[in-house]
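Dropping entry07.txt in here (compact mmCIF, C-alpha atoms):
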# COMPACT_ATOMS: atom_id res chain seq x y z
CA MET X 1 -17.05 27.69 -14.18
CA SER X 2 -14.41 30.40 -14.72
CA GLU X 3 -12.95 30.29 -11.20
CA LYS X 4 -9.45 28.84 -10.86
CA ARG X 5 -8.01 27.35 -7.69
CA ASN X 6 -4.72 25.75 -6.71
CA ILE X 7 -5.46 22.19 -5.57
CA PRO X 8 -2.48 19.82 -5.19
CA PHE X 9 -2.92 16.05 -5.52
CA SER X 10 -1.92 14.74 -2.09
CA PRO X 11 -0.13 16.98 0.44
CA PRO X 12 0.57 15.58 3.94
CA ASP X 13 -1.71 16.47 6.86
CA ILE X 14 0.77 17.75 9.47
CA THR X 15 -0.31 19.74 12.53
CA ASP X 16 1.49 21.36 15.46
CA GLN X 17 0.98 18.08 17.33
CA GLU X 18 3.30 16.20 14.95
CA ILE X 19 5.81 19.07 14.99
CA ASP X 20 5.86 19.18 18.79
CA ALA X 21 6.34 15.39 18.95
CA VAL X 22 9.35 15.58 16.62
CA VAL X 23 10.88 18.45 18.61
CA GLU X 24 10.48 16.40 21.78
CA VAL X 25 12.39 13.50 20.20
CA LEU X 26 15.11 15.81 18.90
CA LYS X 27 15.60 17.21 22.39
CA SER X 28 15.56 13.77 24.02
CA GLY X 29 19.07 12.78 22.96
CA TRP X 30 17.80 9.65 21.17
CA ILE X 31 16.65 10.08 17.56
CA THR X 32 17.06 6.65 15.89
CA SER X 33 15.15 3.44 16.75
CA GLY X 34 14.22 3.56 20.42
CA PRO X 35 11.32 3.92 22.85
CA ASN X 36 9.03 5.84 20.47
CA LEU X 37 9.40 3.14 17.85
CA ALA X 38 8.60 0.41 20.36
CA SER X 39 5.46 2.29 21.44
CA PHE X 40 4.39 2.93 17.84
CA GLU X 41 4.65 -0.77 17.02
CA LYS X 42 2.51 -1.68 20.04
CA GLU X 43 -0.09 0.90 19.04
CA ILE X 44 -0.22 -0.49 15.49
CA GLU X 45 -0.73 -4.00 16.89
CA GLU X 46 -3.66 -2.76 18.97
CA TYR X 47 -5.16 -0.80 16.07
CA CYS X 48 -4.88 -3.68 13.59
CA ASN X 49 -5.64 -6.34 16.20
CA VAL X 50 -2.54 -8.37 15.30
CA ASP X 51 0.13 -10.19 17.29
CA ASN X 52 3.11 -8.45 15.68
CA SER X 53 4.13 -5.31 13.84
CA ILE X 54 7.60 -4.33 12.64
CA ALA X 55 7.89 -0.64 11.72
CA LEU X 56 10.46 0.04 9.00
CA ASN X 57 11.63 2.77 6.65
CA SER X 58 9.21 1.74 3.86
CA ALA X 59 6.57 -0.74 2.79
CA THR X 60 9.08 -1.95 0.23
CA ALA X 61 11.45 -2.89 3.06
CA SER X 62 8.63 -4.86 4.68
CA MET X 63 8.22 -7.02 1.59
CA GLU X 64 11.99 -7.34 1.09
CA LEU X 65 12.31 -8.47 4.69
CA VAL X 66 9.78 -11.30 4.29
CA LEU X 67 11.37 -12.65 1.11
CA LYS X 68 14.89 -12.46 2.57
CA THR X 69 14.09 -13.89 6.01
CA LEU X 70 11.99 -16.76 4.64
CA ASP X 71 14.70 -17.53 2.04
CA ILE X 72 12.59 -16.97 -1.09
CA LYS X 73 15.21 -17.02 -3.82
CA GLU X 74 16.06 -17.60 -7.47
CA GLY X 75 14.33 -20.75 -8.68
CA ASP X 76 11.22 -20.06 -6.60
CA GLU X 77 8.10 -18.55 -8.15
CA ILE X 78 6.15 -15.50 -7.01
CA ILE X 79 2.71 -14.71 -8.44
CA SER X 80 1.51 -11.10 -8.50
CA THR X 81 -0.44 -8.57 -10.53
CA PRO X 82 0.72 -6.24 -13.31
CA TYR X 83 -1.64 -3.54 -11.99
CA THR X 84 0.41 -2.04 -9.17
CA TYR X 85 3.36 0.21 -8.39
CA THR X 86 6.80 -1.23 -9.15
CA ALA X 87 7.65 -1.87 -5.48
CA THR X 88 5.41 -4.95 -5.40
CA SER X 89 7.51 -6.60 -8.09
CA SER X 90 10.96 -5.04 -7.68
CA VAL X 91 11.39 -6.85 -4.35
CA ALA X 92 11.09 -10.14 -6.25
CA VAL X 93 13.48 -8.99 -8.99
CA HIS X 94 16.02 -8.14 -6.27
CA ARG X 95 15.89 -11.81 -5.24
CA GLY X 96 16.57 -13.00 -8.79
CA ILE X 97 12.92 -13.88 -9.39
CA LYS X 98 10.89 -12.81 -12.41
CA PRO X 99 7.31 -12.53 -11.07
CA ILE X 100 4.51 -14.40 -12.77
CA TYR X 101 1.71 -11.93 -13.52
CA VAL X 102 -1.95 -12.80 -13.45
CA ASP X 103 -4.13 -10.33 -15.33
CA VAL X 104 -6.87 -8.49 -13.46
CA LYS X 105 -10.50 -9.47 -13.94
CA LYS X 106 -12.43 -7.63 -16.63
CA ASP X 107 -13.58 -4.20 -15.35
CA SER X 108 -11.66 -4.74 -12.11
CA PHE X 109 -8.39 -3.61 -10.54
CA TYR X 110 -7.95 -7.00 -8.84
CA MET X 111 -6.22 -10.20 -9.81
CA ASP X 112 -8.39 -12.81 -11.56
CA GLU X 113 -8.71 -15.67 -9.07
CA GLU X 114 -9.44 -18.27 -11.75
CA LYS X 115 -6.26 -17.37 -13.60
CA LEU X 116 -4.40 -17.32 -10.28
CA ALA X 117 -5.37 -20.95 -9.70
CA GLU X 118 -4.03 -21.88 -13.15
CA ALA X 119 -0.73 -20.05 -12.51
CA ILE X 120 0.22 -22.03 -9.39
CA THR X 121 2.98 -24.58 -9.96
CA PRO X 122 5.08 -26.80 -7.66
CA LYS X 123 7.64 -23.95 -7.60
CA THR X 124 5.16 -21.34 -6.33
CA LYS X 125 6.28 -20.03 -2.93
CA VAL X 126 4.56 -16.63 -2.59
CA ILE X 127 1.43 -14.86 -3.81
CA MET X 128 1.54 -11.06 -3.64
CA PRO X 129 -1.92 -9.52 -4.12
CA VAL X 130 -2.53 -5.75 -3.86
CA ASP X 131 -5.13 -3.76 -1.91
CA ILE X 132 -5.29 -1.12 -4.61
CA ALA X 133 -6.57 2.35 -3.64
CA GLY X 134 -7.25 1.09 -0.11
CA TYR X 135 -9.98 -1.44 -0.92
CA PRO X 136 -8.95 -4.93 0.26
CA CYS X 137 -8.64 -7.67 -2.32
CA ASP X 138 -10.58 -10.90 -1.70
CA TYR X 139 -8.30 -12.63 0.82
CA ASP X 140 -10.75 -15.47 1.40
CA ALA X 141 -10.95 -16.26 -2.33
CA ILE X 142 -7.14 -16.59 -2.47
CA LYS X 143 -7.12 -18.80 0.62
CA ARG X 144 -9.88 -20.96 -0.86
CA ILE X 145 -7.85 -21.51 -4.03
CA LEU X 146 -4.80 -22.57 -2.00
CA LYS X 147 -6.90 -24.97 0.03
CA GLU X 148 -8.50 -26.48 -3.08
CA LYS X 149 -5.06 -27.03 -4.61
CA ASN X 150 -3.67 -28.39 -1.35
CA ARG X 151 -1.08 -25.58 -1.37
CA GLU X 152 -1.68 -23.82 1.93
CA ASP X 153 2.10 -23.80 2.33
CA ILE X 154 2.21 -20.88 -0.13
CA ILE X 155 2.85 -17.56 1.62
CA ILE X 156 0.32 -14.76 1.06
CA LEU X 157 2.28 -11.51 1.31
CA CYS X 158 -0.24 -8.75 0.68
CA ASP X 159 0.86 -5.36 -0.59
CA SER X 160 -1.47 -3.40 1.68
CA ALA X 161 0.42 -0.13 1.16
CA HIS X 162 -2.87 1.71 0.57
CA SER X 163 -5.19 -0.03 3.01
CA PHE X 164 -4.13 0.96 6.54
CA GLY X 165 -7.44 1.40 8.37
CA ALA X 166 -9.51 -0.46 5.78
CA LYS X 167 -11.85 -3.26 6.83
CA TYR X 168 -12.27 -6.74 5.38
CA LYS X 169 -15.61 -8.31 6.27
CA GLY X 170 -15.90 -6.06 9.31
CA LYS X 171 -12.37 -6.45 10.65
CA ILE X 172 -9.47 -4.02 10.34
CA VAL X 173 -6.94 -5.13 7.73
CA GLY X 174 -3.64 -6.47 9.07
CA GLY X 175 -4.02 -10.08 10.11
CA GLN X 176 -6.04 -11.71 7.32
CA CYS X 177 -3.04 -12.82 5.23
CA ASP X 178 0.25 -14.30 6.38
CA PHE X 179 1.77 -10.82 6.07
CA HIS X 180 0.49 -7.33 5.31
CA SER X 181 2.87 -4.56 4.23
CA PHE X 182 1.63 -1.00 4.91
CA SER X 183 3.11 2.27 3.66
CA PHE X 184 3.48 5.46 5.71
CA HIS X 185 5.00 7.44 2.83
CA ALA X 186 4.34 11.19 2.58
CA VAL X 187 1.29 10.77 0.31
CA LYS X 188 -0.36 8.00 2.33
CA ASN X 189 -3.37 8.40 4.65
CA LEU X 190 -1.13 8.07 7.70
CA THR X 191 2.40 9.35 7.20
CA THR X 192 5.70 9.15 9.03
CA ALA X 193 7.36 11.13 6.16
CA GLU X 194 8.98 7.91 4.94
CA GLY X 195 8.09 4.60 6.52
CA GLY X 196 6.01 1.48 6.58
CA CYS X 197 5.30 -1.56 8.66
CA LEU X 198 4.81 -5.30 8.45
CA THR X 199 1.95 -6.88 10.39
CA PHE X 200 1.34 -10.58 11.04
CA ASN X 201 -0.03 -13.03 13.54
CA ASP X 202 1.91 -15.77 15.30
CA ASN X 203 2.09 -18.72 12.93
CA LEU X 204 5.27 -20.51 13.84
CA ALA X 205 4.12 -23.90 12.54
CA LYS X 206 3.81 -22.68 8.93
CA PHE X 207 7.15 -20.89 8.89
CA GLU X 208 9.11 -23.26 11.15
CA ARG X 209 10.67 -20.35 13.01
CA GLU X 210 11.25 -20.06 16.75
CA ASP X 211 11.02 -16.25 16.87
CA LEU X 212 10.06 -14.66 13.57
CA PRO X 213 9.65 -11.10 14.96
CA ARG X 214 13.18 -11.23 16.34
CA GLU X 215 14.50 -12.50 12.99
CA PHE X 216 12.81 -9.65 11.17
CA ARG X 217 14.21 -7.04 13.55
CA THR X 218 17.70 -8.50 13.36
CA THR X 219 17.62 -8.68 9.55
CA ALA X 220 16.41 -5.04 9.40
CA LEU X 221 19.53 -3.97 11.35
CA HIS X 222 22.38 -5.40 9.25
CA GLY X 223 21.87 -8.83 10.84
CA GLN X 224 23.12 -7.36 14.12
CA SER X 225 22.06 -9.32 17.20
CA LYS X 226 21.56 -6.22 19.36
CA ASP X 227 19.85 -2.95 18.44
CA ALA X 228 21.53 0.43 18.90
CA PHE X 229 19.42 1.34 21.95
CA SER X 230 20.54 -1.84 23.74
CA LYS X 231 24.17 -1.45 22.61
CA MET X 232 24.42 2.05 24.04
CA LYS X 233 23.72 0.92 27.60
CA ALA X 234 26.86 1.10 29.70
CA GLY X 235 29.03 -2.00 29.20
CA ALA X 236 26.68 -3.56 26.63
CA TRP X 237 28.71 -2.93 23.48
CA GLU X 238 29.24 -6.59 22.51
CA TYR X 239 27.13 -7.92 19.62
CA ASP X 240 27.14 -10.52 16.84
CA ILE X 241 26.31 -10.41 13.11
CA VAL X 242 24.12 -13.41 12.36
CA THR X 243 22.91 -12.75 8.79
CA ASP X 244 23.58 -10.48 5.80
CA GLY X 245 20.80 -8.13 6.71
CA PHE X 246 19.48 -4.83 5.44
CA LYS X 247 19.44 -1.36 7.03
CA CYS X 248 15.80 -0.42 7.01
CA ASN X 249 14.77 0.32 10.61
CA MET X 250 12.40 3.20 11.41
CA THR X 251 13.70 6.07 13.55
CA ASP X 252 12.09 7.54 16.66
CA ILE X 253 11.62 10.78 14.70
CA ASN X 254 9.42 9.01 12.15
CA ALA X 255 7.67 6.99 14.84
CA ALA X 256 6.81 10.15 16.79
CA ILE X 257 5.01 11.55 13.72
CA GLY X 258 3.22 8.24 13.24
CA ARG X 259 2.04 8.04 16.84
CA VAL X 260 0.35 11.44 16.59
CA GLN X 261 -1.14 10.56 13.21
CA LEU X 262 -2.55 7.34 14.62
CA LYS X 263 -4.32 9.27 17.40
CA ARG X 264 -5.90 11.54 14.78
CA TYR X 265 -6.51 8.80 12.24
CA GLU X 266 -10.19 8.03 12.68
CA GLY X 267 -11.09 11.66 12.04
CA MET X 268 -8.82 11.74 9.00
CA LEU X 269 -10.48 8.61 7.58
CA LYS X 270 -13.93 10.06 8.19
CA HIS X 271 -13.07 13.17 6.18
CA ARG X 272 -11.56 11.16 3.32
CA LYS X 273 -14.78 9.15 3.19
CA ALA X 274 -16.84 12.36 3.00
CA ILE X 275 -14.73 13.55 0.04
CA CYS X 276 -15.21 10.26 -1.85
CA ASN X 277 -18.94 10.34 -1.13
CA LYS X 278 -19.10 13.92 -2.45
CA TYR X 279 -17.39 12.84 -5.69
CA ASN X 280 -19.76 9.89 -6.09
CA GLU X 281 -22.78 12.08 -5.42
CA ILE X 282 -21.88 14.59 -8.12
CA LEU X 283 -20.28 12.33 -10.73
CA GLY X 284 -22.94 9.65 -10.32
CA LYS X 285 -25.59 11.99 -11.74
CA GLU X 286 -24.17 11.63 -15.25
CA ASN X 287 -23.75 8.31 -17.05
CA ILE X 288 -20.24 9.09 -18.26
CA CYS X 289 -18.10 7.65 -15.46
CA ILE X 290 -17.52 4.31 -13.75
CA LEU X 291 -17.43 5.15 -10.06
CA PRO X 292 -15.03 3.39 -7.67
CA LYS X 293 -16.31 0.99 -5.02
CA PHE X 294 -15.65 1.86 -1.38
CA ILE X 295 -17.91 -0.31 0.73
CA ASP X 296 -19.63 -3.69 0.56
CA GLU X 297 -22.57 -5.11 2.46
CA ASP X 298 -20.30 -7.86 3.88
CA GLY X 299 -18.48 -5.24 5.99
CA THR X 300 -15.54 -4.67 3.64
CA GLU X 301 -14.67 -0.97 3.46
CA SER X 302 -11.89 1.02 1.83
CA SER X 303 -9.40 3.25 3.62
CA TYR X 304 -10.39 5.88 1.02
CA HIS X 305 -6.79 6.32 -0.05
CA LEU X 306 -7.37 6.94 -3.77
CA TYR X 307 -10.34 7.81 -5.93
CA LEU X 308 -9.89 5.72 -9.08
CA LEU X 309 -12.38 7.01 -11.63
CA ARG X 310 -12.83 5.46 -15.07
CA LEU X 311 -14.13 7.50 -17.99
CA LYS X 312 -16.50 5.74 -20.36
CA GLY X 313 -15.35 5.68 -23.97
CA PHE X 314 -11.99 7.30 -23.20
CA LYS X 315 -8.67 6.14 -24.61
CA GLU X 316 -5.24 6.87 -23.23
CA GLU X 317 -4.73 10.05 -25.26
CA ASN X 318 -8.16 11.45 -24.26
CA ARG X 319 -7.46 10.82 -20.58
CA ASN X 320 -4.04 12.46 -20.81
CA GLU X 321 -5.54 15.54 -22.48
CA LEU X 322 -8.16 15.75 -19.72
CA ILE X 323 -5.41 15.74 -17.08
CA LYS X 324 -3.85 18.77 -18.80
CA LEU X 325 -7.21 20.56 -18.96
CA MET X 326 -7.79 19.94 -15.24
CA ALA X 327 -4.30 21.30 -14.50
CA GLU X 328 -5.20 24.48 -16.37
CA LYS X 329 -8.09 24.86 -13.91
CA GLY X 330 -5.65 24.50 -11.00
CA ILE X 331 -6.50 20.88 -10.20
CA ALA X 332 -3.77 18.24 -9.96
CA THR X 333 -4.93 14.75 -10.93
CA ASN X 334 -3.01 11.51 -11.42
CA VAL X 335 -3.13 8.00 -12.88
CA HIS X 336 -2.99 4.79 -10.84
CA TYR X 337 -1.38 2.85 -12.38
CA LYS X 338 0.42 2.37 -15.63
CA PRO X 339 0.67 -1.46 -15.73
CA LEU X 340 4.19 -2.72 -15.08
CA PRO X 341 4.68 -4.39 -18.52
CA MET X 342 4.55 -0.91 -20.06
CA PHE X 343 7.78 0.21 -18.32
CA THR X 344 11.29 -0.23 -19.73
CA LEU X 345 12.53 -2.43 -16.87
CA TYR X 346 9.70 -4.91 -17.30
CA LYS X 347 9.80 -4.83 -21.12
CA ASN X 348 13.48 -5.76 -20.84
CA LEU X 349 12.48 -8.68 -18.60
CA GLY X 350 10.25 -9.98 -21.39
CA TYR X 351 6.79 -8.79 -20.35
CA LYS X 352 4.32 -7.53 -22.98
CA ILE X 353 1.27 -5.44 -22.15
CA GLU X 354 -0.63 -7.32 -24.89
CA ASP X 355 -0.62 -10.33 -22.57
CA TYR X 356 -2.63 -8.36 -19.98
CA PRO X 357 -5.53 -6.80 -21.90
CA ASN X 358 -7.76 -6.28 -18.86
CA ALA X 359 -5.02 -4.38 -17.03
CA PHE X 360 -4.52 -2.10 -20.04
CA ALA X 361 -8.27 -1.52 -20.34
CA GLN X 362 -8.40 -0.39 -16.70
CA TYR X 363 -5.44 1.93 -17.17
CA GLU X 364 -6.29 3.64 -20.45
CA ASN X 365 -9.36 5.49 -19.11
CA GLU X 366 -8.46 5.86 -15.40
CA ILE X 367 -7.99 9.22 -13.69
CA SER X 368 -7.34 9.70 -9.97
CA LEU X 369 -8.91 12.71 -8.26
CA PRO X 370 -7.36 14.38 -5.19
CA VAL X 371 -8.26 12.82 -1.83
CA TYR X 372 -6.61 14.02 1.37
CA SER X 373 -7.67 14.94 4.88
CA THR X 374 -7.04 18.69 4.48
CA LEU X 375 -9.04 18.99 1.25
CA SER X 376 -12.25 20.92 1.90
CA LEU X 377 -15.59 19.53 0.77
CA GLU X 378 -16.07 22.82 -1.09
CA ASP X 379 -12.91 22.12 -3.11
CA ALA X 380 -14.02 18.52 -3.67
CA GLU X 381 -17.27 19.83 -5.12
CA TYR X 382 -15.32 22.23 -7.36
CA ILE X 383 -13.13 19.36 -8.59
CA ALA X 384 -16.09 17.12 -9.44
CA LYS X 385 -18.08 19.86 -11.16
CA THR X 386 -15.04 21.03 -13.13
CA LEU X 387 -14.41 17.48 -14.27
CA LEU X 388 -18.02 17.08 -15.42
CA GLU X 389 -17.80 20.38 -17.29
CA GLU X 390 -14.70 19.19 -19.16
CA LEU X 391 -16.12 15.71 -19.80
CA LYS X 392 -19.25 17.16 -21.42
CA LYS X 393 -17.00 18.78 -24.04
CA TYR X 394 -16.14 15.30 -25.24
Could you render the structure from this file as structure tokens?
Amino acid sequence: MSEKRNIPFSPPDITDQEIDAVVEVLKSGWITSGPNLASFEKEIEEYCNVDNSIALNSATASMELVLKTLDIKEGDEIISTPYTYTATSSVAVHRGIKPIYVDVKKDSFYMDEEKLAEAITPKTKVIMPVDIAGYPCDYDAIKRILKEKNREDIIILCDSAHSFGAKYKGKIVGGQCDFHSFSFHAVKNLTTAEGGCLTFNDNLAKFEREDLPREFRTTALHGQSKDAFSKMKAGAWEYDIVTDGFKCNMTDINAAIGRVQLKRYEGMLKHRKAICNKYNEILGKENICILPKFIDEDGTESSYHLYLLRLKGFKEENRNELIKLMAEKGIATNVHYKPLPMFTLYKNLGYKIEDYPNAFAQYENEISLPVYSTLSLEDAEYIAKTLLEELKKY
């Protein structure tokens, strides 16, 4: 296959509809948090079938907001996975907490539930699982463990950055755990350029809060009791500062992009699914790859955010060489993820990758192929066939 193309890894899918929506906001005279944001949050609630959504400037801010507002602090314990992007753990480190990592199951990208049960102590306050690549982790298994240990007080804060639009046992992801944090970053399925949101159902008894959504919104605006839109009304300047909050609200500009994306989203998901199916169809013909899972008979289905392919018999150096060879053919690929204990920050905190052998085994032969809603099926076929051609050389 001598042909060479130029295929990026994950460009955003932006149309004239998004551009027109942004121009409309820019001309409106109100560009920060305002009516578009309020509408976007309502539309997310309807889409995810949840009681509440708080749209913010990132998924990271969503997780920070939960830990801050619910007073998770130094001395408390948070259990998570080493197989994720740093954001999942850095929010804990910011609170003075060194996360407790539970290795993934053998031949899996997901936390080992048996080891999770063993890791829970009287100090455990939060469990942070990850919906890696857009396929939901087993929420019910985590809940079952908490029930068996009589620890249903533990908060399940799911890093669902990848799984907006995914389904868990037939229902859209967003209300299964205590909190779900979604990302709308530029490379995500649905983008607002930068952004994210927190979704949750009303559960005041567990959190002993009178108005948790209001607390989140206040904390996201410097702890200010009144948002800018309300303050700007004639004579309504007076406000209070009630907590040492963050500054992580989403703007109307970002929300306008998100609202258009949400209207287009089902079609975008359908195309991503077709790309992943095309990869599976071609790569599944040869017994040299471990194909990713996208759908289960119980109604669980991925959002088709990433295509995490594992290469049989490959080591880290082989995989890295393959990435270079694919780049020479004009195809950008990636790796998701280098386990956190392999990074300087986490090494300095005392983590060792040797303690997480299953995570390393998943990483050393993983390669991520391009998946995005403007990628043609013809290009997807070219990618898969080029990969097979290179793999056969090994």
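Contact shell of X:Phe207 at 12 Å (all atoms listed in the file; same-chain neighbours under 4 positions omitted): X:Val66, X:Thr69, X:Leu70, X:Asp71, X:Lys125, X:Glu152, X:Asp153, X:Ile154, X:Ile155, X:Asp178, X:Phe179, X:Asn201, X:Asp202, X:Asn203, X:Asp211, X:Leu212, X:Pro213, X:Glu215.
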Selection from above, C-alpha atoms, as a PDB file, keeping the file's coordinate frame, can you write it?
ATOM      1  CA  VAL X  66       9.780 -11.300   4.290  1.00  0.00           C
ATOM      2  CA  THR X  69      14.090 -13.890   6.010  1.00  0.00           C
ATOM      3  CA  LEU X  70      11.990 -16.760   4.640  1.00  0.00           C
ATOM      4  CA  ASP X  71      14.700 -17.530   2.040  1.00  0.00           C
ATOM      5  CA  LYS X 125       6.280 -20.030  -2.930  1.00  0.00           C
ATOM      6  CA  GLU X 152      -1.680 -23.820   1.930  1.00  0.00           C
ATOM      7  CA  ASP X 153       2.100 -23.800   2.330  1.00  0.00           C
ATOM      8  CA  ILE X 154       2.210 -20.880  -0.130  1.00  0.00           C
ATOM      9  CA  ILE X 155       2.850 -17.560   1.620  1.00  0.00           C
ATOM     10  CA  ASP X 178       0.250 -14.300   6.380  1.00  0.00           C
ATOM     11  CA  PHE X 179       1.770 -10.820   6.070  1.00  0.00           C
ATOM     12  CA  ASN X 201      -0.030 -13.030  13.540  1.00  0.00           C
ATOM     13  CA  ASP X 202       1.910 -15.770  15.300  1.00  0.00           C
ATOM     14  CA  ASN X 203       2.090 -18.720  12.930  1.00  0.00           C
ATOM     15  CA  ASP X 211      11.020 -16.250  16.870  1.00  0.00           C
ATOM     16  CA  LEU X 212      10.060 -14.660  13.570  1.00  0.00           C
ATOM     17  CA  PRO X 213       9.650 -11.100  14.960  1.00  0.00           C
ATOM     18  CA  GLU X 215      14.500 -12.500  12.990  1.00  0.00           C
TER      19      GLU X 215
END
Discussion item. Please list, as a ChimeraX atom specification, the residues that have an atom at most 12 Å away from (8.3, -9.2, 0.7) in the coordinates of this file, counting only C-alpha atoms.
Written reply: /X:58-73,78,80,87-95,125-129,155-160,178-182,197-199,216
Worksheet item: atom CA of X:Ile367 and atom CA of X:Lys273, how far apart in Å?
Response: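 Calculated distance between atom CA of X:Lys273 and atom CA of X:Ile367 is 18.2 Å.
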Discussion item. Could you tell me how far atom CA of X:Pro370 sits from atom CA of X:Asn334, in Å to one decimal place?
Written reply: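 Computing the Euclidean distance for atom CA of X:Asn334 and atom CA of X:Pro370 yields 8.1 Å.
The nearest approach to X:Ala220 among the residues X:Ser33, X:Ser303, X:Gln176, X:Ser183, with only C-alpha atoms taken into account, belongs to X:Ser33.
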Worksheet item: For X:Tyr83, which residue out of X:Leu306, X:Ile353, X:Ala380, X:Leu375 is the nearest one, using only C-alpha atoms?
Response: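 Of X:Leu306, X:Ile353, X:Ala380, X:Leu375, the one nearest X:Tyr83 is X:Ile353, counting only C-alpha atoms.
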Practice prompt. Identify which of the residues X:Asn287, X:Asn348, X:Asn57, X:Thr121 lies closest to X:Phe246, counting all atoms listed in the file when measuring atom-to-atom distances.
Written response: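 Nearest to X:Phe246: X:Asn57.
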Fill in: Nearest candidate to X:Tyr135 (options X:Tyr394, X:Tyr304, X:Phe200, X:Tyr372; using only C-alpha atoms)
X:Tyr304
Discussion item. Report, in Å to a single decimal, how far apart atom CA of X:Glu381 and atom CA of X:Arg5 are.
Written reply: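 For atom CA of X:Arg5 relative to atom CA of X:Glu381, the distance reads 12.2 Å.
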Edge lengths and centre in Å, axis-aligned, stretch 1-16 of chain X plus 8 Å each side, as AutoDock Vina command-line options:
--center_x -7.8 --center_y 22.6 --center_z 0.4 --size_x 34.5 --size_y 31.7 --size_z 46.2
With a cut-off of 10 Å, could you pull out the residues of stretch 42-71 of chain X touching stretch 164-171 of chain X and give me the nearest pair of atoms for each, distance in Å to one decimal, using all atoms listed in the file, ordered by chain and ascending number, as a Markdown table?
| residue | atom | partner | partner_atom | distance |
| --- | --- | --- | --- | --- |
| X:Ile44 | CA | X:Phe164 | CA | 9.9 |
| X:Tyr47 | CA | X:Gly165 | CA | 8.3 |
| X:Cys48 | CA | X:Gly165 | CA | 7.7 |
| X:Asn49 | CA | X:Lys171 | CA | 8.7 |
Discussion item. Which residue is closest to X:Gly174? Choose from X:Thr192, X:Ser53, X:Asn249, X:Thr218 and count all atoms listed in the file.
Written reply: X:Ser53
Discussion item. Ranking X:Asp103, X:Asp112, X:Asp20, X:Glu317 by minimum distance to X:Glu354 and counting only C-alpha atoms, which one comes first?
Written reply: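 Smallest distance to X:Glu354 is found for X:Asp103.
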